[in-house]
Amino acid sequence: MDKIYDKTREHLLVAGIMEIEKHGLAEFSLRRVAAACGVSCAAPYKHFKNKDDFVLEIIRYIGGRWKMLESNIMRIYEGDKKKQLTELALAYIKFWIANPNFRSILLLNPRQMDDAQKRARADIDTGLTQLIENYSKQDCRKRMYEIRSLIYGALLMLESGEMDNNEENLNMIKTSIEEKL
């Protein structure tokens with residue numbers, strides 16, 4: 001594939017993320033995405049089979065960025081599951097804060113997604129979920145709930161400004177996660 005094709009495809013994906021953020025999945029429009037990119041309304045179909053395929057590729061695009069970060073953390077802290085888990089949870093928070101437009105994908109209603117989209121969305125969280133399961137065999141569901149609640153609660157508080165996004169608060173979040181392990 002040539003660079004122009006790849007660049008247009010990525011531009012469409014980013015515009016698609018913005019479209020979902022603004023209009024939601026139910027009102028998602030390929031025409032608006034194309035218009036936002038300054039391309040013809042047929043252009044998205046050169047890169048994606050249909051609307052569902054386009055949304056699936058948006059989810060994979062975001063997942064790919066997260067998976068690169070996740071694999072680096074897993075490699076850096078290899079052999080120390082507790083450290084992997086705490087650093088991964090903190091990186092997860094930082095990733096979603098640093099990419100606010102991606103949150104619209106994080107919060108998609110699974111009832112509006114097809115099976116492939118649901119699997120791709122679940123795959124974003126697979127590493128964190130598996131690590132929690134492997135780390136804490138006992139009370140796994142409870143531990144999963146507690147850690148994920150800390151992550152999503154921190155995300156909401158940081159995003160709303162209820163908690164400042166600073167090193168002190170990030171360390172407090174990290175300590176809270178470590179205490180749940």
# chains A, B, ... in the order shown; residues from 1 in each chain; ligands from 1
$ closest_atom_pairs --of "stretch 59-170 of chain A" --to "stretch 23-40 of chain A" --cutoff "10 Å" --atoms "only C-alpha atoms" --output "JSON lines"
{"residue": "A:Ser104", "atom": "CA", "partner": "A:Gly24", "partner_atom": "CA", "distance": 7.8}
{"residue": "A:Ile105", "atom": "CA", "partner": "A:Leu25", "partner_atom": "CA", "distance": 9.2}
{"residue": "A:Leu108", "atom": "CA", "partner": "A:Leu25", "partner_atom": "CA", "distance": 7.5}
{"residue": "A:Asn109", "atom": "CA", "partner": "A:Leu25", "partner_atom": "CA", "distance": 8.5}
{"residue": "A:Gln112", "atom": "CA", "partner": "A:Leu25", "partner_atom": "CA", "distance": 7.1}
{"residue": "A:Met113", "atom": "CA", "partner": "A:Leu25", "partner_atom": "CA", "distance": 8.3}
$ closest_atom_pairs --of "stretch 30-102 of chain A" --to "stretch 138-157 of chain A" --cutoff "12 Å" --atoms "only C-alpha atoms" --output "JSON lines"
{"residue": "A:Leu85", "atom": "CA", "partner": "A:Ile147", "partner_atom": "CA", "distance": 9.8}
{"residue": "A:Thr86", "atom": "CA", "partner": "A:Ile147", "partner_atom": "CA", "distance": 9.5}
{"residue": "A:Glu87", "atom": "CA", "partner": "A:Ile151", "partner_atom": "CA", "distance": 11.7}
{"residue": "A:Leu88", "atom": "CA", "partner": "A:Ile151", "partner_atom": "CA", "distance": 10.4}
{"residue": "A:Ala89", "atom": "CA", "partner": "A:Ile151", "partner_atom": "CA", "distance": 6.7}
{"residue": "A:Leu90", "atom": "CA", "partner": "A:Ile151", "partner_atom": "CA", "distance": 7.7}
{"residue": "A:Ala91", "atom": "CA", "partner": "A:Ile151", "partner_atom": "CA", "distance": 10.0}
{"residue": "A:Tyr92", "atom": "CA", "partner": "A:Ile151", "partner_atom": "CA", "distance": 7.8}
{"residue": "A:Ile93", "atom": "CA", "partner": "A:Leu155", "partner_atom": "CA", "distance": 6.0}
{"residue": "A:Lys94", "atom": "CA", "partner": "A:Leu155", "partner_atom": "CA", "distance": 8.4}
{"residue": "A:Phe95", "atom": "CA", "partner": "A:Leu155", "partner_atom": "CA", "distance": 10.0}
{"residue": "A:Trp96", "atom": "CA", "partner": "A:Leu155", "partner_atom": "CA", "distance": 7.6}
{"residue": "A:Ile97", "atom": "CA", "partner": "A:Leu155", "partner_atom": "CA", "distance": 7.0}
{"residue": "A:Ala98", "atom": "CA", "partner": "A:Leu155", "partner_atom": "CA", "distance": 10.8}
{"residue": "A:Asn99", "atom": "CA", "partner": "A:Leu155", "partner_atom": "CA", "distance": 11.6}
{"residue": "A:Pro100", "atom": "CA", "partner": "A:Leu155", "partner_atom": "CA", "distance": 10.3}
$ residues_around --residues "A:Tyr45" --least-positions-apart "6" --cutoff "10 Å" --atoms "only C-alpha atoms" --output "PyMOL selection string"
chain A and resi 30+51+53-54
$ atom_distance --atom1 "atom CA of A:Ile59" --atom2 "atom CA of A:Arg103"
10.8 Å
$ residues_around --residues "A:Thr126" --least-positions-apart "3" --cutoff "12 Å" --atoms "only C-alpha atoms" --output "PyMOL selection string"
chain A and resi 63+66-67+70-71+88+119-123+129-134
$ residues_around --residues "A:Lys7" --least-positions-apart "6" --cutoff "12 Å" --atoms "only C-alpha atoms" --output "VMD selection string"
chain A and resid 1 13 to 14 37 47
$ write_last_selection --atoms "N, CA and C atoms" --output "short mmCIF file (atom, residue, chain, number, x, y, z; two decimals), in the first residue's frame"
data_model
loop_
_atom_site.label_atom_id
_atom_site.label_comp_id
_atom_site.auth_asym_id
_atom_site.auth_seq_id
_atom_site.Cartn_x
_atom_site.Cartn_y
_atom_site.Cartn_z
N MET A 1 0.84 -1.19 0.00
CA MET A 1 0.00 0.00 0.00
C MET A 1 0.88 1.24 0.00
N LEU A 13 -9.93 7.06 10.03
CA LEU A 13 -10.11 6.44 11.35
C LEU A 13 -10.21 7.49 12.45
N VAL A 14 -9.32 8.47 12.41
CA VAL A 14 -9.34 9.53 13.43
C VAL A 14 -10.63 10.33 13.33
N CYS A 37 -12.89 14.77 6.42
CA CYS A 37 -11.57 14.49 5.84
C CYS A 37 -11.37 15.21 4.50
N HIS A 47 -11.48 1.92 1.65
CA HIS A 47 -10.65 1.47 2.77
C HIS A 47 -11.37 0.46 3.67
#
